[in-house]
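Visitor: Sharing upload_21.cif, mmCIF, C-alpha atoms and all ligand atoms:
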```cif
data_my_file
#
loop_
_atom_site.label_atom_id
_atom_site.label_comp_id
_atom_site.auth_asym_id
_atom_site.auth_seq_id
_atom_site.Cartn_x
_atom_site.Cartn_y
_atom_site.Cartn_z
CA MET X 1 6.22 9.11 -21.00
CA ILE X 2 7.23 7.87 -17.57
CA ARG X 3 9.76 10.15 -15.92
CA ILE X 4 12.16 9.68 -13.05
CA ASN X 5 12.54 11.52 -9.77
CA GLU X 6 15.41 13.70 -10.95
CA ASN X 7 16.60 14.31 -7.42
CA TYR X 8 18.17 10.85 -7.69
CA THR X 9 20.50 12.14 -10.40
CA LYS X 10 22.02 14.55 -7.87
CA LEU X 11 23.24 11.65 -5.72
CA LYS X 12 26.91 10.88 -5.89
CA ALA X 13 27.57 8.01 -8.32
CA SER X 14 27.59 5.21 -5.76
CA TYR X 15 27.20 4.50 -2.10
CA LEU X 16 30.41 4.61 -0.06
CA PHE X 17 30.42 0.93 0.84
CA ALA X 18 29.80 -0.04 -2.77
CA ASP X 19 32.93 1.93 -3.73
CA ILE X 20 34.92 0.13 -1.06
CA ALA X 21 33.56 -3.26 -2.11
CA ARG X 22 34.55 -2.51 -5.71
CA ARG X 23 38.16 -1.63 -4.77
CA VAL X 24 38.47 -4.63 -2.42
CA GLY X 25 36.93 -6.91 -5.09
CA ALA X 26 39.46 -5.72 -7.67
CA TYR X 27 42.33 -6.26 -5.21
CA VAL X 28 41.20 -9.77 -4.28
CA ALA X 29 40.71 -10.68 -7.97
CA ALA X 30 44.29 -9.59 -8.67
CA HIS X 31 45.66 -11.28 -5.51
CA PRO X 32 43.49 -14.37 -4.95
CA GLU X 33 45.95 -15.74 -2.35
CA SER X 34 45.60 -12.73 -0.04
CA ALA X 35 43.59 -12.99 3.21
CA VAL X 36 41.95 -9.58 3.45
CA ILE X 37 40.72 -8.51 6.93
CA ARG X 38 37.69 -6.22 6.82
CA LEU X 39 37.65 -3.51 9.47
CA GLY X 40 35.64 -1.21 7.21
CA ILE X 41 31.90 -1.74 7.19
CA GLY X 42 30.21 -1.63 10.59
CA ASP X 43 28.76 -5.13 10.63
CA VAL X 44 28.92 -7.37 13.67
CA THR X 45 30.70 -10.74 13.57
CA GLU X 46 29.67 -12.49 16.79
CA PRO X 47 26.56 -14.72 16.87
CA LEU X 48 23.22 -13.84 18.49
CA PRO X 49 23.04 -14.05 22.29
CA PRO X 50 21.74 -17.51 23.41
CA ALA X 51 18.74 -15.88 25.19
CA CYS X 52 17.61 -14.40 21.85
CA VAL X 53 18.14 -17.67 19.97
CA GLU X 54 16.09 -19.54 22.57
CA ALA X 55 13.24 -17.00 22.30
CA LEU X 56 13.41 -17.18 18.50
CA HIS X 57 13.05 -20.98 18.59
CA ALA X 58 10.19 -20.87 21.07
CA ALA X 59 8.32 -18.21 19.05
CA THR X 60 8.86 -20.18 15.83
CA ASP X 61 7.30 -23.21 17.54
CA GLU X 62 4.31 -21.04 18.49
CA MET X 63 3.92 -20.16 14.82
CA SER X 64 3.76 -23.88 13.99
CA ARG X 65 0.64 -24.50 16.10
CA ARG X 66 -2.87 -23.38 15.16
CA ALA X 67 -3.64 -22.28 18.74
CA THR X 68 -0.66 -19.95 18.97
CA PHE X 69 -0.13 -19.04 15.31
CA LYS X 70 0.03 -15.30 14.54
CA GLY X 71 -0.71 -13.50 11.30
CA TYR X 72 -0.31 -9.76 10.88
CA GLY X 73 0.69 -8.14 14.15
CA PRO X 74 0.23 -4.49 15.10
CA GLU X 75 2.24 -2.36 12.64
CA GLN X 76 3.75 -0.39 15.54
CA GLY X 77 4.97 -3.55 17.29
CA TYR X 78 3.62 -5.96 19.91
CA PRO X 79 2.76 -4.38 23.27
CA PHE X 80 5.12 -6.79 25.07
CA LEU X 81 8.14 -5.23 23.31
CA ARG X 82 6.92 -1.61 23.35
CA GLU X 83 6.30 -1.89 27.10
CA LEU X 84 9.74 -3.36 27.76
CA VAL X 85 11.41 -0.57 25.78
CA ALA X 86 9.47 2.17 27.58
CA GLN X 87 10.20 0.70 31.00
CA ARG X 88 13.73 -0.62 30.71
CA ASP X 89 15.35 1.76 28.22
CA TYR X 90 13.62 4.92 29.44
CA ALA X 91 11.68 4.81 32.75
CA ASP X 92 14.57 3.00 34.45
CA ARG X 93 16.87 5.86 33.34
CA GLY X 94 14.45 8.49 34.60
CA CYS X 95 12.99 9.37 31.16
CA ARG X 96 9.29 9.57 30.40
CA VAL X 97 8.40 7.56 27.29
CA GLU X 98 4.99 5.89 26.92
CA PRO X 99 4.78 2.43 25.30
CA ASP X 100 2.59 3.84 22.51
CA GLU X 101 5.30 6.40 21.70
CA VAL X 102 7.59 3.50 20.72
CA PHE X 103 7.40 2.31 17.08
CA ILE X 104 9.06 -1.07 16.48
CA SER X 105 10.59 -1.43 13.03
CA ASP X 106 12.95 -3.56 11.00
CA GLY X 107 15.86 -1.15 11.31
CA SER X 108 17.06 2.31 12.18
CA LYS X 109 18.36 2.80 8.66
CA CYS X 110 14.80 2.77 7.33
CA ASP X 111 13.47 4.88 10.19
CA CYS X 112 16.08 7.61 10.02
CA GLY X 113 15.84 7.54 6.23
CA ASN X 114 12.04 7.67 6.17
CA MET X 115 11.37 10.13 8.98
CA GLN X 116 12.07 13.16 6.75
CA GLU X 117 8.92 12.28 4.72
CA ILE X 118 6.63 13.80 7.36
CA PHE X 119 8.27 17.22 7.05
CA ALA X 120 7.86 19.91 4.38
CA THR X 121 10.29 19.84 1.48
CA ASP X 122 11.26 23.50 1.86
CA ILE X 123 12.58 23.28 5.41
CA ARG X 124 16.20 23.96 6.34
CA VAL X 125 18.05 20.77 7.30
CA ALA X 126 21.22 20.70 9.41
CA ILE X 127 23.41 17.62 9.05
CA PRO X 128 26.78 16.84 10.64
CA ASP X 129 29.90 16.40 8.55
CA PRO X 130 31.28 13.70 8.65
CA VAL X 131 28.06 11.71 8.84
CA TYR X 132 26.25 8.40 8.37
CA PRO X 133 25.40 8.95 4.66
CA VAL X 134 21.71 7.97 4.96
CA TYR X 135 20.69 11.34 6.46
CA VAL X 136 22.10 13.31 3.53
CA ASP X 137 21.07 11.00 0.71
CA THR X 138 17.44 10.68 1.80
CA ASN X 139 17.10 14.47 1.92
CA VAL X 140 18.63 14.70 -1.55
CA MET X 141 16.13 12.11 -2.82
CA ALA X 142 13.28 14.12 -1.31
CA GLY X 143 14.37 17.26 -3.15
CA ARG X 144 15.51 19.32 -0.16
CA THR X 145 18.85 20.15 -1.75
CA GLY X 146 20.35 21.60 -4.89
CA GLU X 147 23.20 19.98 -6.77
CA ALA X 148 26.39 18.76 -5.11
CA ALA X 149 29.48 20.87 -5.57
CA ASP X 150 32.83 19.94 -4.13
CA GLY X 151 31.25 17.18 -2.00
CA ARG X 152 28.50 19.32 -0.50
CA TYR X 153 24.87 19.78 -1.43
CA GLU X 154 23.47 23.23 -1.86
CA GLY X 155 20.83 23.97 0.76
CA ILE X 156 22.11 21.78 3.61
CA LEU X 157 23.49 23.46 6.70
CA TYR X 158 26.59 21.38 7.46
CA LEU X 159 27.59 20.95 11.10
CA GLU X 160 31.33 20.48 11.07
CA SER X 161 32.89 17.92 13.41
CA THR X 162 36.62 18.46 13.50
CA ALA X 163 39.57 18.06 15.86
CA ALA X 164 38.98 21.71 16.87
CA ASN X 165 35.58 20.95 18.44
CA GLY X 166 36.44 17.42 19.61
CA TYR X 167 34.31 16.06 16.73
CA VAL X 168 31.10 17.27 18.40
CA PRO X 169 29.44 20.02 16.34
CA GLN X 170 28.48 23.19 18.15
CA VAL X 171 25.07 24.79 17.67
CA PRO X 172 25.25 27.07 14.64
CA ASP X 173 24.46 30.79 14.57
CA ALA X 174 21.98 30.19 11.75
CA PRO X 175 18.56 28.66 12.40
CA ALA X 176 17.58 25.21 11.08
CA ASP X 177 14.27 23.32 11.19
CA LEU X 178 15.42 19.72 11.22
CA VAL X 179 18.69 18.71 12.91
CA TYR X 180 20.32 15.29 12.66
CA LEU X 181 22.53 14.25 15.57
CA CYS X 182 24.16 10.86 16.19
CA PHE X 183 25.82 9.94 19.49
CA PRO X 184 27.84 7.82 20.08
CA ASN X 185 28.82 8.88 16.61
CA ASN X 186 29.28 6.93 13.46
CA PRO X 187 31.89 7.48 12.00
CA THR X 188 33.93 9.36 14.64
CA GLY X 189 33.05 7.39 17.80
CA ALA X 190 32.71 10.73 19.64
CA VAL X 191 30.12 11.12 22.40
CA ALA X 192 28.20 14.23 23.44
CA THR X 193 28.26 15.44 27.04
CA ARG X 194 25.14 16.54 28.90
CA PRO X 195 25.93 20.28 28.46
CA GLN X 196 26.46 19.75 24.73
CA LEU X 197 23.09 18.01 24.38
CA GLU X 198 21.45 20.68 26.54
CA ALA X 199 22.74 23.31 24.10
CA TRP X 200 21.17 21.39 21.19
CA VAL X 201 17.82 21.01 22.94
CA ALA X 202 17.83 24.73 23.77
CA TYR X 203 18.67 25.53 20.13
CA ALA X 204 15.77 23.36 18.91
CA ARG X 205 13.34 24.97 21.37
CA ARG X 206 14.48 28.45 20.35
CA ASN X 207 14.07 27.72 16.65
CA LYS X 208 10.93 25.52 16.87
CA ALA X 209 13.09 22.85 15.29
CA VAL X 210 13.08 19.05 15.58
CA ILE X 211 16.16 16.98 16.46
CA LEU X 212 16.44 13.51 14.94
CA PHE X 213 18.65 11.80 17.51
CA ASP X 214 20.26 8.56 16.35
CA SER X 215 21.52 6.54 19.28
CA ALA X 216 22.11 3.25 17.49
CA TYR X 217 25.34 2.81 19.51
CA GLU X 218 23.94 3.75 22.94
CA ALA X 219 24.79 0.29 24.35
CA TYR X 220 28.51 1.09 23.98
CA ILE X 221 28.50 4.00 26.42
CA ARG X 222 30.58 3.17 29.48
CA ASP X 223 31.24 6.65 30.89
CA PRO X 224 28.49 7.16 33.49
CA ALA X 225 28.41 10.93 32.83
CA ILE X 226 27.40 10.53 29.17
CA PRO X 227 23.61 10.57 28.49
CA HIS X 228 22.27 7.45 26.74
CA SER X 229 19.16 9.20 25.47
CA ILE X 230 18.27 12.71 24.33
CA TYR X 231 15.26 12.42 26.69
CA GLU X 232 17.65 12.61 29.65
CA ILE X 233 17.77 16.31 28.76
CA GLU X 234 14.94 18.40 30.15
CA GLY X 235 12.57 19.67 27.47
CA ALA X 236 13.72 17.16 24.84
CA ARG X 237 10.30 15.49 24.66
CA ASP X 238 9.02 18.63 22.91
CA VAL X 239 11.76 18.73 20.28
CA ALA X 240 13.30 15.30 19.65
CA ILE X 241 12.69 11.97 17.97
CA GLU X 242 15.05 9.15 18.97
CA PHE X 243 16.18 6.15 16.93
CA ARG X 244 17.57 3.01 18.53
CA SER X 245 18.55 -0.29 17.04
CA PHE X 246 19.17 -3.81 18.32
CA SER X 247 21.69 -4.29 15.48
CA LYS X 248 24.83 -3.28 17.34
CA THR X 249 23.41 -3.92 20.82
CA ALA X 250 22.66 -7.59 20.31
CA GLY X 251 24.05 -8.65 16.94
CA PHE X 252 20.74 -8.08 15.10
CA THR X 253 22.20 -6.65 11.86
CA GLY X 254 20.94 -9.69 9.96
CA THR X 255 17.94 -10.35 12.21
CA ARG X 256 16.51 -6.81 11.83
CA CYS X 257 14.78 -5.06 14.70
CA ALA X 258 14.91 -1.48 15.92
CA TYR X 259 12.63 1.19 17.32
CA THR X 260 11.87 4.88 17.08
CA VAL X 261 10.41 7.06 19.82
CA VAL X 262 8.08 9.86 18.77
CA PRO X 263 6.75 11.67 21.86
CA LYS X 264 3.11 12.75 21.71
CA THR X 265 4.13 16.20 22.94
CA LEU X 266 6.20 16.85 19.81
CA LEU X 267 4.67 19.37 17.41
CA ALA X 268 5.34 20.80 13.96
CA TRP X 269 3.36 23.43 12.10
CA ASP X 270 1.58 23.68 8.77
CA ARG X 271 1.81 26.61 6.37
CA ALA X 272 -1.05 28.35 8.16
CA GLY X 273 0.76 28.09 11.49
CA ARG X 274 -1.52 25.38 12.91
CA PRO X 275 0.27 22.81 15.15
CA HIS X 276 0.23 19.08 14.36
CA ALA X 277 1.37 16.18 16.54
CA LEU X 278 4.24 14.41 14.79
CA HIS X 279 3.22 11.21 16.60
CA SER X 280 0.00 11.13 14.55
CA LEU X 281 1.81 11.83 11.30
CA TRP X 282 4.43 9.14 11.91
CA ASN X 283 1.75 6.69 13.02
CA ARG X 284 -0.10 7.36 9.77
CA ARG X 285 3.05 6.93 7.71
CA HIS X 286 4.19 3.82 9.56
CA THR X 287 0.83 2.03 9.39
CA THR X 288 0.42 2.90 5.70
CA LYS X 289 3.85 1.82 4.53
CA PHE X 290 4.98 -0.82 7.04
CA ASN X 291 3.36 -4.06 8.19
CA GLY X 292 5.22 -4.92 11.35
CA VAL X 293 8.28 -6.89 12.38
CA ALA X 294 7.96 -10.70 12.45
CA TYR X 295 6.63 -12.04 15.76
CA PRO X 296 9.60 -14.38 16.42
CA ILE X 297 12.02 -11.48 15.82
CA GLN X 298 10.18 -9.26 18.30
CA LYS X 299 10.25 -12.13 20.81
CA ALA X 300 14.00 -12.45 20.25
CA ALA X 301 14.37 -8.69 20.84
CA ALA X 302 12.30 -8.91 24.04
CA ALA X 303 14.71 -11.58 25.31
CA ILE X 304 17.46 -8.92 25.39
CA TYR X 305 15.69 -7.49 28.46
CA THR X 306 15.81 -10.73 30.49
CA ASP X 307 18.61 -11.10 33.05
CA ALA X 308 20.41 -13.57 30.80
CA GLY X 309 19.87 -11.36 27.73
CA ARG X 310 21.22 -8.32 29.56
CA SER X 311 24.40 -10.02 30.62
CA GLN X 312 24.93 -11.70 27.24
CA THR X 313 24.49 -8.45 25.29
CA ARG X 314 26.75 -6.65 27.74
CA GLY X 315 29.31 -9.39 27.06
CA LEU X 316 29.02 -8.72 23.32
CA THR X 317 29.50 -4.97 23.56
CA ASP X 318 32.34 -5.46 26.08
CA PHE X 319 34.00 -7.79 23.59
CA TYR X 320 33.89 -5.24 20.75
CA LEU X 321 35.04 -2.48 23.10
CA GLY X 322 38.00 -4.73 23.97
CA ASN X 323 38.86 -4.81 20.26
CA ALA X 324 38.47 -1.02 20.13
CA ARG X 325 40.94 -0.58 23.00
CA LEU X 326 43.52 -2.70 21.17
CA ILE X 327 43.04 -0.66 17.98
CA ARG X 328 43.39 2.66 19.80
CA ALA X 329 46.53 1.53 21.60
CA ALA X 330 48.07 0.32 18.34
CA MET X 331 47.30 3.61 16.56
CA ALA X 332 48.72 5.63 19.44
CA ALA X 333 51.88 3.50 19.33
CA LEU X 334 52.20 4.41 15.64
CA GLY X 335 51.94 8.09 16.55
CA LEU X 336 48.50 8.53 14.97
CA ARG X 337 45.96 10.73 16.74
CA CYS X 338 42.55 9.18 17.17
CA VAL X 339 39.21 9.55 18.94
CA GLY X 340 36.39 7.10 19.67
CA GLY X 341 36.64 3.51 20.77
CA ASP X 342 35.99 4.06 24.48
CA ASN X 343 32.21 4.58 24.32
CA ALA X 344 31.74 3.49 20.72
CA PRO X 345 32.81 0.66 18.41
CA TYR X 346 34.54 3.02 15.95
CA ILE X 347 37.98 4.59 16.03
CA TRP X 348 38.47 7.76 13.99
CA ILE X 349 42.07 8.21 13.00
CA ASP X 350 43.76 11.37 11.81
CA VAL X 351 46.06 9.93 9.13
CA GLY X 352 47.42 13.27 7.97
CA ARG X 353 46.98 12.49 4.27
CA ASP X 354 44.34 11.80 1.63
CA SER X 355 41.95 9.24 3.10
CA TRP X 356 41.48 7.14 -0.08
CA GLU X 357 45.27 7.08 -0.51
CA PHE X 358 45.60 5.73 3.05
CA PHE X 359 42.80 3.22 2.34
CA ASP X 360 44.71 1.94 -0.73
CA LEU X 361 47.95 1.77 1.23
CA LEU X 362 46.39 -0.35 3.99
CA LEU X 363 44.71 -2.60 1.44
CA GLU X 364 47.82 -3.15 -0.62
CA LYS X 365 50.47 -3.28 2.10
CA ALA X 366 48.49 -4.82 4.98
CA GLN X 367 45.48 -6.41 3.27
CA VAL X 368 43.31 -4.58 5.79
CA VAL X 369 40.14 -2.73 4.82
CA CYS X 370 39.29 0.51 6.62
CA THR X 371 36.76 3.19 5.65
CA PRO X 372 38.12 6.40 4.09
CA GLY X 373 36.85 9.41 6.00
CA ALA X 374 36.16 11.39 2.83
CA GLY X 375 33.27 9.01 2.16
CA PHE X 376 31.47 10.47 5.19
CA GLY X 377 31.79 14.10 4.14
CA ARG X 378 34.31 16.84 3.47
CA CYS X 379 35.41 17.05 7.12
CA GLY X 380 36.21 13.33 7.00
CA GLU X 381 39.11 13.99 4.64
CA GLY X 382 42.47 13.22 6.26
CA HIS X 383 40.85 10.55 8.47
CA VAL X 384 39.88 6.89 8.31
CA ARG X 385 37.40 4.91 10.39
CA ILE X 386 38.41 1.55 11.79
CA SER X 387 35.62 -0.62 13.09
CA ALA X 388 35.98 -2.85 16.16
CA PHE X 389 33.50 -5.35 14.74
CA ASN X 390 35.58 -8.43 14.10
CA SER X 391 37.00 -11.47 15.86
CA ARG X 392 39.84 -10.84 18.34
CA GLU X 393 42.12 -12.97 16.20
CA ASN X 394 41.46 -10.87 13.08
CA VAL X 395 41.88 -7.58 14.96
CA GLU X 396 45.21 -8.69 16.42
CA LYS X 397 46.41 -9.95 13.05
CA ALA X 398 45.31 -6.73 11.32
CA LEU X 399 47.13 -4.56 13.86
CA VAL X 400 50.40 -6.43 13.40
CA ARG X 401 50.07 -6.02 9.61
CA ILE X 402 49.20 -2.31 9.89
CA ALA X 403 52.21 -1.68 12.12
CA ALA X 404 54.50 -3.43 9.62
CA ALA X 405 52.96 -1.55 6.67
CA LEU X 406 53.35 1.87 8.25
CA LYS X 407 56.92 1.42 9.47
N1 LIG Y 1 22.32 4.63 12.42
C1 LIG Y 1 23.63 4.58 12.40
C2 LIG Y 1 24.40 5.75 12.88
C3 LIG Y 1 24.30 3.46 11.93
O1 LIG Y 1 25.63 3.43 11.90
C4 LIG Y 1 23.55 2.35 11.47
C5 LIG Y 1 24.18 1.14 10.93
O2 LIG Y 1 25.33 1.02 10.69
C6 LIG Y 1 22.18 2.46 11.50
C7 LIG Y 1 21.58 3.61 11.97
C8 LIG Y 1 21.32 1.36 10.93
O3 LIG Y 1 20.96 0.41 11.83
P1 LIG Y 1 19.96 -0.74 11.47
O4 LIG Y 1 20.80 -1.98 11.33
O5 LIG Y 1 19.03 -0.79 12.63
O6 LIG Y 1 19.25 -0.41 10.21
#
```
Using structure tokens, write down the structure that the file contains.
Guide:
Amino acid sequence: MIRINENYTKLKASYLFADIARRVGAYVAAHPESAVIRLGIGDVTEPLPPACVEALHAATDEMSRRATFKGYGPEQGYPFLRELVAQRDYADRGCRVEPDEVFISDGSKCDCGNMQEIFATDIRVAIPDPVYPVYVDTNVMAGRTGEAADGRYEGILYLESTAANGYVPQVPDAPADLVYLCFPNNPTGAVATRPQLEAWVAYARRNKAVILFDSAYEAYIRDPAIPHSIYEIEGARDVAIEFRSFSKTAGFTGTRCAYTVVPKTLLAWDRAGRPHALHSLWNRRHTTKFNGVAYPIQKAAAAIYTDAGRSQTRGLTDFYLGNARLIRAAMAALGLRCVGGDNAPYIWIDVGRDSWEFFDLLLEKAQVVCTPGAGFGRCGEGHVRISAFNSRENVEKALVRIAAALK
């Protein structure tokens, strides 16, 4: 008799955004005349930068001619894109990353979800709370946790991000083997300073741990003192893997392209205490289970690094940060405390009440969708996340409605 992976039965009934979609769907069905504005899910609204579209067209034309047609490409990505990433995203910022340490993929969600596969199942995993749910759920699926009780899985070391620590978790007293960090953060929009990241790198070195550093929102950093990469911290090459995505940098959420850096100096040990290079393990995993990102998509991603691409993508992130500033100002005017929005496209608002109750209130009284903080973890309770990803017109309209609803 075929049997299931019973770890899946430990997962909470449905994914956060499915819950939200269900509630919004029920509301719209009951009020078909209402114009709901979605500031919940973190999906971009503005079209691809023209430089990327041009490259996409040109590469598609290449695919139409026998002489320039391409079949399977290298699973790890074309050298032209890996070299650009290593030079422009790392060498130019003073970080050492080799082109063959860069693995091009179709998204950071897959990479940060799949990376745990190359580690033992009986390791201790530390995960922030609140958090992008993928880190938790993929470890549950892999069997690294017990059952959930009161919103937390047995076996995970939760790193609490609260108002008391400025929503940046401190290194714990207890050791962990695998640590997930995400800065600029989803959902809180908080950023980590250099000393804070130095403390995490020192912790990982002390504990022979690995940091999985998700910097999907790196392009939103405007404060020059905030590191863009974990590799700006000395010693991080020996303890950290970094995930980056073109999704929020250049509007690629529907186009799909991202990359992961696995330094060749990064080691983990087997049961007998023998060291293994994680680069080799990830390369083996990636080439076995993934067959490369489409050539035209990689060409479109490479166009981000042209002068025109740079200025167009900067324009996009500036635009969303402009929305974020408006949202922050409006929340402050309503007397609500919030963080984020200055180096990140998310604003994390302390609403001082049950987060699903606040979600329902905004939906019913303002027809605005936010994301209830409780969906990101226990520490998210009492907060909601508002996303800056929308048109200016919709953001302005939503803020007027929110102000009226909360009066
Ligand atoms: N990491 C974080 C923290 C995210 O918020 C997201 C998307 O919302 C991703 C990764 C996934 O990015 P991608 O579109 O590259 O799969």
Visitor: Could you check how far CA of Pro263 in chain X sits from CA of Ala86 in chain X, in Å to one decimal?
Guide: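 Result for CA of Pro263 in chain X versus CA of Ala86 in chain X: 11.4 Å, one decimal.
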Visitor: Restricting the calculation to all atoms listed in the file: of X:Gly341, X:Pro372, X:Gly335, X:Gly273, which residue gets closest to Ile221 in chain X?
Guide: X:Gly341
Visitor: Output the neighbourhood of ligand LIG 1 (chain Y) as number ranges by chain, that is, all protein and nucleic acid residues with some atom at most 7 Å from the ligand, counting all atoms listed in the file.
Guide: X: 42, 106-110, 132, 182, 185-186, 214, 216, 245-247, 253, 256-258
Visitor: Which is closest to Ala374 in chain X among X:Arg392, X:Val24, X:Trp348, X:Arg3, if we use all atoms listed in the file?
Guide: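 Using all atoms listed in the file, Ala374 in chain X sits closest to X:Trp348.
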Visitor: With distances taken over only C-alpha atoms, which residue among X:Pro195, X:Pro172, X:Gly251, X:Gly166 lies nearest Ala225 in chain X?
Guide: X:Pro195
Visitor: For the atom pair CA of Asn323 in chain X and CA of Val368 in chain X, what is the interatomic distance in Å to one decimal place?
Guide: 15.1 Å
Visitor: Under the rule that all atoms listed in the file are counted, which of X:Ile304, X:Ala51, X:Cys338, X:Cys379 is the nearest residue to Ala190 in chain X?
Guide: X:Cys338
Visitor: Find the residue from X:Arg124, X:Lys365, X:Arg23, X:Arg310 that sits nearest to Ala250 in chain X; use all atoms listed in the file when measuring.
Guide: X:Arg310
Visitor: Using only C-alpha atoms, can you tell me which of X:Ala29, X:Val134, X:Ile37, X:Ala344 comes closest to Cys370 in chain X?
Guide: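 Answer, going by the shortest atom-to-atom distance: X:Ile37.
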Visitor: Grab the CA of Tyr203 in chain X to CA of Ser105 in chain X distance for me, in Å with one decimal place.
Guide: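 According to the coordinates, CA of Tyr203 in chain X and CA of Ser105 in chain X are separated by 29.0 Å.
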Visitor: Could you give me, as number ranges by chain, the residues within 12 Å of Ile20 in chain X, counting all atoms listed in the file and dropping anything in the same chain fewer than 2 positions from it?
Guide: X: 14-18, 22-27, 38-41, 356, 359-360, 363, 368-375
Visitor: Export C-alpha atoms of the chosen residues as a tab-separated table (two decimals), in the coordinates of the input?
Guide:
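This went into selection-v8.tsv:
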```tsv
chain	number	residue	atom	x	y	z
X	14	SER	CA	27.59	5.21	-5.76
X	15	TYR	CA	27.20	4.50	-2.10
X	16	LEU	CA	30.41	4.61	-0.06
X	17	PHE	CA	30.42	0.93	0.84
X	18	ALA	CA	29.80	-0.04	-2.77
X	22	ARG	CA	34.55	-2.51	-5.71
X	23	ARG	CA	38.16	-1.63	-4.77
X	24	VAL	CA	38.47	-4.63	-2.42
X	25	GLY	CA	36.93	-6.91	-5.09
X	26	ALA	CA	39.46	-5.72	-7.67
X	27	TYR	CA	42.33	-6.26	-5.21
X	38	ARG	CA	37.69	-6.22	6.82
X	39	LEU	CA	37.65	-3.51	9.47
X	40	GLY	CA	35.64	-1.21	7.21
X	41	ILE	CA	31.90	-1.74	7.19
X	356	TRP	CA	41.48	7.14	-0.08
X	359	PHE	CA	42.80	3.22	2.34
X	360	ASP	CA	44.71	1.94	-0.73
X	363	LEU	CA	44.71	-2.60	1.44
X	368	VAL	CA	43.31	-4.58	5.79
X	369	VAL	CA	40.14	-2.73	4.82
X	370	CYS	CA	39.29	0.51	6.62
X	371	THR	CA	36.76	3.19	5.65
X	372	PRO	CA	38.12	6.40	4.09
X	373	GLY	CA	36.85	9.41	6.00
X	374	ALA	CA	36.16	11.39	2.83
X	375	GLY	CA	33.27	9.01	2.16
```
Visitor: Applying 12 Å and all atoms listed in the file, which residues near range 393-404 of chain X remain after dropping the ones on its own chain fewer than 3 positions away? List them as a VMD selection string.
Guide: chain X and resid 35 to 40 45 319 to 336 358 to 359 361 to 370 386 to 390 407
Visitor: Show me, as JSON, the centre and edge lengths in Å to one decimal of the axis-aligned box that covers every listed atom of range 37-52 of chain X with 6 Å on each side.
Guide:
```
{"center_x": 29.2, "center_y": -9.4, "center_z": 16.0, "size_x": 35.1, "size_y": 28.3, "size_z": 30.4}
```
Visitor: With only C-alpha atoms as the counted atoms, please give the residues lying no more than 10 Å from His276 in chain X, apart from itself and same-chain residues fewer than 4 positions off, as a list of chain:residue names.
Guide: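 Selected residues are X:Thr265, X:Leu266, X:Leu267, X:Ala268, X:Trp269, X:Asp270, X:Ser280, X:Leu281.
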Visitor: Show me, as a list in words, the residues that have an atom within 7 Å of range 205-212 of chain X when counting all atoms listed in the file, minus same-chain residues fewer than 4 positions from it.
Guide: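 After dropping sequence-adjacent residues, the list is Pro175, Ala176, Asp177, Leu178, Val179, Tyr180, Leu181, Val201, Val239, Ala240, Ile241 and Glu242 of chain X.
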Visitor: Using only C-alpha atoms, I'd like a table of the residues in range 276-349 of chain X that come within 8 Å of range 55-66 of chain X; for each, show the closest atom pair and its distance in Å rounded to one decimal, ordered by chain and ascending number, as JSON lines.
Guide:
```
{"residue": "X:Tyr295", "atom": "CA", "partner": "X:Ala59", "partner_atom": "CA", "distance": 7.2}
{"residue": "X:Pro296", "atom": "CA", "partner": "X:Ala59", "partner_atom": "CA", "distance": 4.8}
{"residue": "X:Ile297", "atom": "CA", "partner": "X:Leu56", "partner_atom": "CA", "distance": 6.5}
{"residue": "X:Lys299", "atom": "CA", "partner": "X:Ala55", "partner_atom": "CA", "distance": 5.9}
{"residue": "X:Ala300", "atom": "CA", "partner": "X:Ala55", "partner_atom": "CA", "distance": 5.0}
{"residue": "X:Ala303", "atom": "CA", "partner": "X:Ala55", "partner_atom": "CA", "distance": 6.4}
```
